[in-house]
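Visitor: entry-v2.cif is reproduced in full below (mmCIF, C-alpha atoms and all ligand atoms).
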```
data_model
#
loop_
_atom_site.group_PDB
_atom_site.id
_atom_site.type_symbol
_atom_site.label_atom_id
_atom_site.label_comp_id
_atom_site.auth_asym_id
_atom_site.auth_seq_id
_atom_site.Cartn_x
_atom_site.Cartn_y
_atom_site.Cartn_z
ATOM 1 C CA MET I 19 17.338 -9.734 -32.998
ATOM 2 C CA THR I 20 14.148 -7.804 -32.208
ATOM 3 C CA LEU I 21 13.587 -7.675 -28.481
ATOM 4 C CA THR I 22 10.197 -8.812 -27.237
ATOM 5 C CA LEU I 23 8.972 -9.216 -23.688
ATOM 6 C CA ASN I 24 9.843 -12.895 -23.928
ATOM 7 C CA ASN I 25 13.467 -12.520 -24.952
ATOM 8 C CA LEU I 26 14.669 -9.571 -22.875
ATOM 9 C CA PRO I 27 17.964 -10.390 -21.149
ATOM 10 C CA PRO I 28 18.017 -11.801 -17.588
ATOM 11 C CA LEU I 29 17.740 -9.079 -14.941
ATOM 12 C CA ARG I 30 21.228 -9.780 -13.552
ATOM 13 C CA ASP I 31 22.661 -9.003 -16.996
ATOM 14 C CA VAL I 32 20.573 -5.820 -17.146
ATOM 15 C CA LEU I 33 21.988 -4.649 -13.795
ATOM 16 C CA GLN I 34 25.512 -5.453 -14.941
ATOM 17 C CA LYS I 35 25.176 -3.854 -18.372
ATOM 18 C CA HIS I 36 23.931 -0.564 -16.899
ATOM 19 C CA ASP I 37 26.247 -0.746 -13.864
ATOM 20 C CA LEU I 38 23.271 -0.599 -11.495
ATOM 21 C CA PHE I 39 23.984 -1.150 -7.828
ATOM 22 C CA ALA I 40 21.282 -0.929 -5.143
ATOM 23 C CA LYS I 41 20.963 2.359 -3.277
ATOM 24 C CA LYS I 42 19.937 1.911 0.347
ATOM 25 C CA SER I 43 18.549 5.446 0.595
ATOM 26 C CA LEU I 44 15.906 4.547 -2.030
ATOM 27 C CA GLY I 45 14.948 1.250 -0.391
ATOM 28 C CA GLN I 46 16.272 -0.698 -3.374
ATOM 29 C CA HIS I 47 15.946 -4.471 -3.006
ATOM 30 C CA PHE I 48 15.396 -6.117 -6.367
ATOM 31 C CA LEU I 49 13.404 -9.202 -7.266
ATOM 32 C CA LEU I 50 15.414 -10.857 -10.026
ATOM 33 C CA ASP I 51 13.523 -14.176 -10.099
ATOM 34 C CA LEU I 52 10.985 -13.798 -12.885
ATOM 35 C CA ASN I 53 9.016 -16.861 -11.694
ATOM 36 C CA LEU I 54 8.373 -14.986 -8.466
ATOM 37 C CA THR I 55 7.474 -11.703 -10.182
ATOM 38 C CA ASP I 56 5.132 -13.680 -12.487
ATOM 39 C CA LYS I 57 3.380 -15.118 -9.427
ATOM 40 C CA ILE I 58 2.886 -11.621 -7.984
ATOM 41 C CA ALA I 59 1.811 -10.110 -11.320
ATOM 42 C CA ARG I 60 -0.887 -12.744 -11.803
ATOM 43 C CA LEU I 61 -2.616 -11.331 -8.712
ATOM 44 C CA ALA I 62 -2.969 -7.967 -10.499
ATOM 45 C CA ALA I 63 -3.217 -8.700 -14.217
ATOM 46 C CA PRO I 64 -4.814 -9.060 -16.746
ATOM 47 C CA HIS I 65 -6.226 -5.576 -16.359
ATOM 48 C CA PRO I 66 -6.491 -2.475 -18.592
ATOM 49 C CA VAL I 67 -4.280 -0.156 -16.502
ATOM 50 C CA VAL I 68 -1.801 -0.982 -13.785
ATOM 51 C CA LEU I 69 0.119 1.539 -11.683
ATOM 52 C CA GLU I 70 3.538 0.365 -10.560
ATOM 53 C CA VAL I 71 5.632 2.399 -8.146
ATOM 54 C CA GLY I 72 9.368 1.763 -8.202
ATOM 55 C CA PRO I 73 9.854 -0.544 -11.206
ATOM 56 C CA GLY I 74 13.645 -0.446 -10.779
ATOM 57 C CA PRO I 75 15.213 -2.770 -13.383
ATOM 58 C CA GLY I 76 11.703 -3.869 -14.377
ATOM 59 C CA GLY I 77 11.257 -7.507 -13.338
ATOM 60 C CA LEU I 78 7.736 -7.047 -11.995
ATOM 61 C CA THR I 79 7.010 -4.647 -14.868
ATOM 62 C CA ARG I 80 7.820 -7.305 -17.458
ATOM 63 C CA SER I 81 5.695 -9.831 -15.578
ATOM 64 C CA LEU I 82 2.733 -7.449 -15.413
ATOM 65 C CA LEU I 83 2.873 -6.867 -19.167
ATOM 66 C CA LEU I 84 3.229 -10.582 -19.876
ATOM 67 C CA ALA I 85 0.334 -11.358 -17.512
ATOM 68 C CA GLY I 86 -1.946 -9.131 -19.591
ATOM 69 C CA ALA I 87 -1.732 -5.627 -18.189
ATOM 70 C CA GLU I 88 -2.770 -3.652 -21.258
ATOM 71 C CA HIS I 89 -0.777 -0.623 -20.078
ATOM 72 C CA VAL I 90 1.545 -0.124 -17.111
ATOM 73 C CA PHE I 91 2.078 3.386 -15.724
ATOM 74 C CA ALA I 92 5.283 3.318 -13.690
ATOM 75 C CA ILE I 93 6.706 5.944 -11.356
ATOM 76 C CA GLU I 94 10.428 5.614 -10.644
ATOM 77 C CA LYS I 95 12.459 8.140 -8.695
ATOM 78 C CA ASP I 96 15.901 6.871 -9.693
ATOM 79 C CA GLU I 97 16.813 8.059 -13.195
ATOM 80 C CA ARG I 98 19.480 5.341 -13.551
ATOM 81 C CA PHE I 99 16.637 2.915 -14.355
ATOM 82 C CA LEU I 100 15.284 4.879 -17.303
ATOM 83 C CA ALA I 101 17.593 3.141 -19.805
ATOM 84 C CA PRO I 102 16.666 -0.438 -18.859
ATOM 85 C CA LEU I 103 12.994 0.555 -18.655
ATOM 86 C CA GLN I 104 13.238 2.016 -22.166
ATOM 87 C CA ASP I 105 14.116 -1.490 -23.401
ATOM 88 C CA ILE I 106 10.828 -2.717 -21.878
ATOM 89 C CA ILE I 107 8.927 0.164 -23.487
ATOM 90 C CA ASP I 108 10.371 -0.859 -26.863
ATOM 91 C CA ALA I 109 9.851 -4.588 -26.332
ATOM 92 C CA SER I 110 6.222 -4.023 -25.315
ATOM 93 C CA GLU I 111 5.532 -1.641 -28.220
ATOM 94 C CA GLY I 112 4.726 1.245 -25.916
ATOM 95 C CA ARG I 113 2.541 -0.509 -23.369
ATOM 96 C CA LEU I 114 4.692 0.970 -20.594
ATOM 97 C CA SER I 115 4.935 4.650 -19.603
ATOM 98 C CA VAL I 116 7.510 5.798 -17.055
ATOM 99 C CA GLU I 117 7.414 8.979 -14.979
ATOM 100 C CA ASN I 118 10.811 9.801 -13.490
ATOM 101 C CA THR I 119 9.661 11.387 -10.240
ATOM 102 C CA ASP I 120 8.936 10.881 -6.555
ATOM 103 C CA ALA I 121 5.720 8.888 -6.145
ATOM 104 C CA LEU I 122 4.890 10.925 -3.039
ATOM 105 C CA LYS I 123 4.762 14.062 -5.173
ATOM 106 C CA VAL I 124 2.462 12.972 -7.994
ATOM 107 C CA ASP I 125 -1.210 12.191 -7.950
ATOM 108 C CA PRO I 126 -1.352 8.860 -9.815
ATOM 109 C CA ALA I 127 -4.990 9.529 -10.662
ATOM 110 C CA THR I 128 -3.733 12.134 -13.162
ATOM 111 C CA LEU I 129 -1.707 9.605 -15.181
ATOM 112 C CA THR I 130 -4.726 8.287 -17.069
ATOM 113 C CA ASP I 131 -8.496 8.712 -17.209
ATOM 114 C CA ILE I 132 -9.085 4.977 -17.438
ATOM 115 C CA ARG I 133 -10.720 3.577 -14.297
ATOM 116 C CA PRO I 134 -10.345 1.633 -12.199
ATOM 117 C CA MET I 135 -6.564 1.422 -12.073
ATOM 118 C CA ARG I 136 -4.929 -1.497 -10.362
ATOM 119 C CA ILE I 137 -1.857 -0.945 -8.207
ATOM 120 C CA CYS I 138 0.982 -3.445 -8.080
ATOM 121 C CA ALA I 139 4.339 -2.674 -6.501
ATOM 122 C CA ASN I 140 7.342 -3.942 -4.634
ATOM 123 C CA LEU I 141 7.350 -0.857 -2.457
ATOM 124 C CA PRO I 142 10.443 0.865 -1.112
ATOM 125 C CA TYR I 143 10.291 0.285 2.650
ATOM 126 C CA ASN I 144 11.007 3.896 3.528
ATOM 127 C CA VAL I 145 7.872 5.269 1.823
ATOM 128 C CA GLY I 146 5.687 2.155 1.564
ATOM 129 C CA THR I 147 3.320 2.875 4.460
ATOM 130 C CA LYS I 148 2.941 6.524 3.461
ATOM 131 C CA LEU I 149 2.024 5.563 -0.122
ATOM 132 C CA LEU I 150 -0.418 2.924 1.096
ATOM 133 C CA ILE I 151 -2.179 5.463 3.336
ATOM 134 C CA ASN I 152 -2.299 7.993 0.461
ATOM 135 C CA TRP I 153 -3.975 5.421 -1.782
ATOM 136 C CA LEU I 154 -6.389 4.223 0.915
ATOM 137 C CA THR I 155 -7.500 7.790 1.592
ATOM 138 C CA SER I 156 -7.606 8.924 -2.063
ATOM 139 C CA SER I 157 -10.859 10.605 -2.983
ATOM 140 C CA PRO I 158 -12.397 9.627 -5.295
ATOM 141 C CA VAL I 159 -10.851 6.168 -5.145
ATOM 142 C CA PHE I 160 -9.123 5.542 -8.507
ATOM 143 C CA TRP I 161 -8.166 1.870 -8.056
ATOM 144 C CA ASP I 162 -9.996 -1.400 -7.466
ATOM 145 C CA ARG I 163 -7.218 -3.606 -6.142
ATOM 146 C CA MET I 164 -3.754 -3.199 -4.688
ATOM 147 C CA VAL I 165 -1.169 -5.974 -4.775
ATOM 148 C CA LEU I 166 1.704 -4.801 -2.620
ATOM 149 C CA MET I 167 4.931 -6.173 -1.279
ATOM 150 C CA LEU I 168 5.586 -4.732 2.139
ATOM 151 C CA GLN I 169 7.655 -5.624 5.164
ATOM 152 C CA LYS I 170 5.867 -8.587 6.710
ATOM 153 C CA GLU I 171 5.338 -6.674 9.932
ATOM 154 C CA VAL I 172 3.592 -3.832 8.072
ATOM 155 C CA ALA I 173 1.495 -6.263 6.006
ATOM 156 C CA GLU I 174 0.363 -7.927 9.235
ATOM 157 C CA ARG I 175 -0.647 -4.563 10.676
ATOM 158 C CA VAL I 176 -2.768 -3.833 7.579
ATOM 159 C CA VAL I 177 -4.857 -7.007 7.855
ATOM 160 C CA ALA I 178 -4.796 -7.424 11.660
ATOM 161 C CA VAL I 179 -7.977 -8.443 13.475
ATOM 162 C CA PRO I 180 -9.244 -7.007 16.799
ATOM 163 C CA GLY I 181 -7.606 -8.531 19.837
ATOM 164 C CA SER I 182 -4.288 -9.138 18.086
ATOM 165 C CA LYS I 183 -1.063 -7.316 18.856
ATOM 166 C CA ALA I 184 -0.815 -5.953 15.325
ATOM 167 C CA TYR I 185 -4.317 -4.417 15.410
ATOM 168 C CA GLY I 186 -4.181 -0.636 15.382
ATOM 169 C CA ARG I 187 -4.783 2.519 13.352
ATOM 170 C CA LEU I 188 -3.631 1.009 10.058
ATOM 171 C CA ALA I 189 -5.938 -2.024 10.367
ATOM 172 C CA VAL I 190 -8.941 0.180 11.180
ATOM 173 C CA LEU I 191 -8.229 2.500 8.250
ATOM 174 C CA ALA I 192 -7.611 -0.367 5.824
ATOM 175 C CA GLY I 193 -10.639 -2.335 7.008
ATOM 176 C CA SER I 194 -12.799 0.743 6.399
ATOM 177 C CA ILE I 195 -11.894 0.803 2.694
ATOM 178 C CA VAL I 196 -10.757 -2.660 1.612
ATOM 179 C CA HIS I 197 -11.087 -6.333 2.176
ATOM 180 C CA GLY I 198 -7.515 -7.573 2.487
ATOM 181 C CA HIS I 199 -5.469 -10.693 2.971
ATOM 182 C CA ILE I 200 -1.832 -11.753 2.926
ATOM 183 C CA SER I 201 -1.364 -13.844 -0.197
ATOM 184 C CA PHE I 202 2.116 -15.221 0.565
ATOM 185 C CA ASP I 203 5.361 -14.408 2.337
ATOM 186 C CA ILE I 204 8.626 -13.637 0.575
ATOM 187 C CA PRO I 205 11.815 -14.418 2.486
ATOM 188 C CA ALA I 206 14.476 -11.707 2.657
ATOM 189 C CA SER I 207 16.799 -14.025 0.705
ATOM 190 C CA ALA I 208 14.624 -13.651 -2.422
ATOM 191 C CA PHE I 209 15.794 -10.028 -2.845
ATOM 192 C CA THR I 210 19.064 -8.629 -4.176
ATOM 193 C CA PRO I 211 20.479 -7.356 -1.884
ATOM 194 C CA PRO I 212 18.468 -9.057 0.902
ATOM 195 C CA PRO I 213 16.791 -6.645 3.334
ATOM 196 C CA LYS I 214 16.973 -7.244 7.098
ATOM 197 C CA VAL I 215 13.389 -8.496 7.359
ATOM 198 C CA ASP I 216 10.991 -10.757 5.459
ATOM 199 C CA SER I 217 8.277 -9.366 3.202
ATOM 200 C CA ALA I 218 4.729 -10.350 2.360
ATOM 201 C CA VAL I 219 2.442 -9.809 -0.612
ATOM 202 C CA ILE I 220 -0.911 -8.354 0.378
ATOM 203 C CA VAL I 221 -3.986 -8.151 -1.796
ATOM 204 C CA LEU I 222 -6.422 -5.362 -0.939
ATOM 205 C CA ASP I 223 -9.767 -5.277 -2.750
ATOM 206 C CA ILE I 224 -11.886 -2.166 -2.573
ATOM 207 C CA LEU I 225 -15.147 -2.597 -0.644
ATOM 208 C CA PRO I 226 -18.402 -1.730 -2.444
ATOM 209 C CA ASN I 227 -19.211 1.981 -2.185
ATOM 210 C CA ASP I 228 -21.928 1.531 0.445
ATOM 211 C CA LYS I 229 -19.638 -0.577 2.664
ATOM 212 C CA ARG I 230 -16.804 1.998 2.751
ATOM 213 C CA PHE I 231 -16.547 4.407 5.666
ATOM 214 C CA ALA I 232 -16.702 7.972 4.376
ATOM 215 C CA ASP I 233 -15.459 10.200 7.202
ATOM 216 C CA LEU I 234 -11.854 9.022 7.372
ATOM 217 C CA LYS I 235 -10.716 12.281 8.943
ATOM 218 C CA THR I 236 -12.806 11.878 12.098
ATOM 219 C CA LEU I 237 -12.047 8.156 12.137
ATOM 220 C CA GLY I 238 -8.329 9.018 12.075
ATOM 221 C CA GLN I 239 -8.739 11.432 14.991
ATOM 222 C CA VAL I 240 -10.522 8.778 17.064
ATOM 223 C CA THR I 241 -8.041 5.988 16.305
ATOM 224 C CA ALA I 242 -5.044 8.306 16.867
ATOM 225 C CA ALA I 243 -6.381 9.195 20.326
ATOM 226 C CA ALA I 244 -7.356 5.613 21.193
ATOM 227 C CA PHE I 245 -4.248 3.801 19.954
ATOM 228 C CA GLY I 246 -1.924 6.662 20.941
ATOM 229 C CA GLN I 247 -2.476 5.423 24.492
ATOM 230 C CA ARG I 248 -2.941 1.789 23.645
ATOM 231 C CA ARG I 249 -2.806 0.424 27.158
ATOM 232 C CA LYS I 250 -5.308 2.898 28.586
ATOM 233 C CA MET I 251 -9.054 2.424 28.821
ATOM 234 C CA LEU I 252 -11.071 4.414 26.297
ATOM 235 C CA ARG I 253 -12.628 6.555 29.027
ATOM 236 C CA LYS I 254 -9.126 7.957 29.565
ATOM 237 C CA SER I 255 -7.698 8.060 26.063
ATOM 238 C CA LEU I 256 -10.790 9.615 24.433
ATOM 239 C CA LYS I 257 -11.440 12.183 27.165
ATOM 240 C CA GLN I 258 -9.550 14.979 25.433
ATOM 241 C CA LEU I 259 -11.459 14.531 22.161
ATOM 242 C CA ALA I 260 -14.766 14.829 24.027
ATOM 243 C CA ASN I 261 -13.582 17.825 26.078
ATOM 244 C CA ALA I 262 -12.389 19.667 22.951
ATOM 245 C CA ARG I 263 -15.910 19.391 21.541
ATOM 246 C CA GLY I 264 -17.662 20.206 24.803
ATOM 247 C CA ILE I 265 -19.562 16.919 24.866
ATOM 248 C CA SER I 266 -20.018 14.378 27.597
ATOM 249 C CA LEU I 267 -17.607 11.475 27.180
ATOM 250 C CA GLU I 268 -20.024 9.085 28.868
ATOM 251 C CA GLU I 269 -22.871 10.046 26.544
ATOM 252 C CA TRP I 270 -20.654 9.774 23.485
ATOM 253 C CA LEU I 271 -19.463 6.283 24.407
ATOM 254 C CA GLU I 272 -22.978 5.191 25.295
ATOM 255 C CA LYS I 273 -24.339 6.468 21.985
ATOM 256 C CA ALA I 274 -21.612 4.549 20.172
ATOM 257 C CA ASN I 275 -22.336 1.484 22.294
ATOM 258 C CA ILE I 276 -18.746 1.309 23.516
ATOM 259 C CA ASN I 277 -17.778 0.160 26.988
ATOM 260 C CA PRO I 278 -15.762 2.958 28.719
ATOM 261 C CA THR I 279 -13.415 0.430 30.321
ATOM 262 C CA ASP I 280 -12.509 -1.231 27.003
ATOM 263 C CA ARG I 281 -9.033 -0.866 25.588
ATOM 264 C CA PRO I 282 -8.703 0.054 21.903
ATOM 265 C CA GLU I 283 -7.472 -3.311 20.662
ATOM 266 C CA THR I 284 -10.751 -4.952 21.707
ATOM 267 C CA VAL I 285 -12.955 -2.516 19.726
ATOM 268 C CA ASP I 286 -13.785 -3.806 16.268
ATOM 269 C CA ILE I 287 -13.766 -1.666 13.136
ATOM 270 C CA ALA I 288 -17.545 -1.147 13.273
ATOM 271 C CA GLY I 289 -17.101 0.122 16.851
ATOM 272 C CA PHE I 290 -14.612 2.752 15.670
ATOM 273 C CA HIS I 291 -17.048 3.745 12.923
ATOM 274 C CA ARG I 292 -19.778 4.295 15.525
ATOM 275 C CA LEU I 293 -17.385 6.394 17.624
ATOM 276 C CA ALA I 294 -16.472 8.553 14.612
ATOM 277 C CA GLU I 295 -20.105 8.908 13.505
ATOM 278 C CA SER I 296 -21.276 10.062 16.911
ATOM 279 C CA LEU I 297 -18.459 12.576 17.462
ATOM 280 C CA PRO I 298 -19.601 16.096 16.503
ATOM 281 C CA PRO I 299 -17.188 18.211 14.420
ATOM 282 C CA LEU I 300 -14.910 20.721 16.207
ATOM 283 C CA GLY I 301 -16.234 24.241 16.775
HETATM 284 N N1 LIG E 1 10.214 -3.242 -8.572
HETATM 285 C C1 LIG E 1 11.634 -3.538 -8.464
HETATM 286 C C2 LIG E 1 11.808 -4.994 -8.104
HETATM 287 O O1 LIG E 1 10.835 -5.596 -7.624
HETATM 288 O O2 LIG E 1 12.910 -5.502 -8.282
HETATM 289 C C3 LIG E 1 12.342 -2.632 -7.466
HETATM 290 C C4 LIG E 1 11.745 -2.584 -6.078
HETATM 291 S S1 LIG E 1 12.698 -1.703 -4.900
HETATM 292 C C5 LIG E 1 12.124 -2.443 -3.379
HETATM 293 C C6 LIG E 1 11.922 -0.110 -4.767
HETATM 294 C C7 LIG E 1 11.986 0.777 -6.002
HETATM 295 O O3 LIG E 1 11.303 2.005 -5.702
HETATM 296 C C8 LIG E 1 13.382 1.196 -6.446
HETATM 297 O O4 LIG E 1 13.481 1.064 -7.828
HETATM 298 C C9 LIG E 1 13.497 2.659 -6.015
HETATM 299 O O5 LIG E 1 14.374 3.424 -6.830
HETATM 300 C C10 LIG E 1 12.066 3.120 -6.148
HETATM 301 N N2 LIG E 1 11.716 4.252 -5.279
HETATM 302 C C11 LIG E 1 12.161 4.521 -4.018
HETATM 303 N N3 LIG E 1 11.555 5.607 -3.519
HETATM 304 C C12 LIG E 1 10.697 6.043 -4.483
HETATM 305 C C13 LIG E 1 9.793 7.136 -4.572
HETATM 306 N N4 LIG E 1 9.633 7.984 -3.564
HETATM 307 N N5 LIG E 1 9.082 7.291 -5.707
HETATM 308 C C14 LIG E 1 9.215 6.408 -6.739
HETATM 309 N N6 LIG E 1 10.067 5.372 -6.717
HETATM 310 C C15 LIG E 1 10.792 5.185 -5.601
#
```
How does the structure come out when it is put into structure tokens?
Guide:
Amino acid sequence: MTLTLNNLPPLRDVLQKHDLFAKKSLGQHFLLDLNLTDKIARLAAPHPVVLEVGPGPGGLTRSLLLAGAEHVFAIEKDERFLAPLQDIIDASEGRLSVENTDALKVDPATLTDIRPMRICANLPYNVGTKLLINWLTSSPVFWDRMVLMLQKEVAERVVAVPGSKAYGRLAVLAGSIVHGHISFDIPASAFTPPPKVDSAVIVLDILPNDKRFADLKTLGQVTAAAFGQRRKMLRKSLKQLANARGISLEEWLEKANINPTDRPETVDIAGFHRLAESLPPLG
């Protein structure tokens, strides 16, 4: 029988056939329920090119192709998955390409010239935040939407609003580049093997060019100083940044229209942009 995307064997059989057990060191927690992977894939596809990091046995990969991703570029570190992924390459008549490497070591923008890419992944917990930050700070931006499964706690930090406990550096960075929301939660029990915590699917849509904040480096310096001493007032936590540049802290805060006695969690994203814009470069 010729294999097509619709008659590939169930994922449990694929794991068994290739003797694939989950490796904790690679953050491997598989989604074997294709109804669930279909629901996630529909948030990303149809689309001409989708980047998937960590396809593993390929449940989400199959769903992306079935949902109308014209081509999926996948990056998978664990070579044990190359054989099952080859079956998907064959069944999709070459609409899947797989790079067997560490996603932290490749620039996904080099995989294809087609723009914008769309990113969809059930990310390994151990490198998920790092990958997200790499993609948010990529220049030029090569994607238009990310659909990511992350630990719920991390997803909440990405979309947190000022005044909330989860609001911090990640929310300010993300809110400077994307408009994001949590689409739905996924209980730990949906994964094989189940992780210790629940997950959530976040959808991050790139902001129009003129709404994105350009100087992410200075913004990062300001938020690192402010949230590094979260409980302190800004007149304390930002003092060192001002001193290093030989400027008056009071004047800087006044120019940025920021109250010196505020704490960082009460400053909105636009406030952090003003702080970064009015901070002169070092030297
Ligand atoms: N997408 C599959 C699913 O939903 O069932 C597997 C998801 S599992 C949470 C994470 C996957 O990322 C694993 O297949 C793992 O081998 C892979 N992985 C872990 N670290 C990686 C890295 N640095 N680069 C690329 N892939 C990685």
Visitor: Can you pull out the residues contacting region 232-242 of chain I? Cut-off 9 Å, using only C-alpha atoms, and skip same-chain residues under 3 positions away; I want them as a compact mmCIF listing (two decimals) with C-alpha atoms, in the frame of the given file.
Guide:
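Saved the output as result-v8.txt:
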```
# COMPACT_ATOMS: atom_id res chain seq x y z
CA THR I 155 -7.50 7.79 1.59
CA GLY I 186 -4.18 -0.64 15.38
CA ARG I 187 -4.78 2.52 13.35
CA VAL I 190 -8.94 0.18 11.18
CA LEU I 191 -8.23 2.50 8.25
CA SER I 194 -12.80 0.74 6.40
CA ILE I 195 -11.89 0.80 2.69
CA PHE I 245 -4.25 3.80 19.95
CA GLY I 246 -1.92 6.66 20.94
CA GLN I 247 -2.48 5.42 24.49
CA LEU I 256 -10.79 9.62 24.43
CA LEU I 259 -11.46 14.53 22.16
CA PRO I 282 -8.70 0.05 21.90
CA PHE I 290 -14.61 2.75 15.67
CA HIS I 291 -17.05 3.74 12.92
CA LEU I 293 -17.39 6.39 17.62
CA ALA I 294 -16.47 8.55 14.61
CA GLU I 295 -20.10 8.91 13.50
CA LEU I 297 -18.46 12.58 17.46
CA PRO I 299 -17.19 18.21 14.42
```
Visitor: Edge lengths and centre in Å to one decimal, as JSON, of the axis-aligned box that encloses all listed atoms of ligand LIG 1 (chain E) with 6 Å added on every side?
Guide:
```
{"center_x": 11.7, "center_y": 1.2, "center_z": -6.0, "size_x": 17.3, "size_y": 25.6, "size_z": 17.2}
```
Visitor: I need the residue nearest ligand LIG 1 (chain E) from this list: I:Ile132, I:Leu26, I:Val145, I:Met19. Use all atoms listed in the file for the distance.
Guide: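 Checking each candidate against ligand LIG 1 (chain E), we get I:Val145 as the closest.
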Visitor: So that I can check the surroundings of Gly264 (chain I), please list as a list in words every protein, DNA and RNA residue that reaches within 10 Å of it, counting only C-alpha atoms and ignoring chain neighbours fewer than 4 positions away.
Guide: Gln258, Leu259, Ala260, Pro298, Leu300 and Gly301 of chain I
Visitor: Once you have the residues from the selection above, write them out as an mmCIF file, keeping the file's coordinate frame, restricted to C-alpha atoms.
Guide:
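That gives us again_25.cif:
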```
data_model
loop_
_atom_site.group_PDB
_atom_site.id
_atom_site.type_symbol
_atom_site.label_atom_id
_atom_site.label_comp_id
_atom_site.auth_asym_id
_atom_site.auth_seq_id
_atom_site.Cartn_x
_atom_site.Cartn_y
_atom_site.Cartn_z
ATOM 1 C CA GLN I 258 -9.550 14.979 25.433
ATOM 2 C CA LEU I 259 -11.459 14.531 22.161
ATOM 3 C CA ALA I 260 -14.766 14.829 24.027
ATOM 4 C CA PRO I 298 -19.601 16.096 16.503
ATOM 5 C CA LEU I 300 -14.910 20.721 16.207
ATOM 6 C CA GLY I 301 -16.234 24.241 16.775
#
```
Visitor: Considering all atoms listed in the file, can you say which of I:Trp153, I:Phe39, I:Phe231, I:Tyr143 comes closest to Ala288 (chain I)?
Guide: I:Phe231
Visitor: Could you tell me which residues the PyMOL selection byres (((not hetatm)) within 6 of (chain E and resi 1)) returns for this structure, as a PyMOL selection string?
Guide: chain I and resi 44-49+71-74+76-78+93-96+120-122+140-142
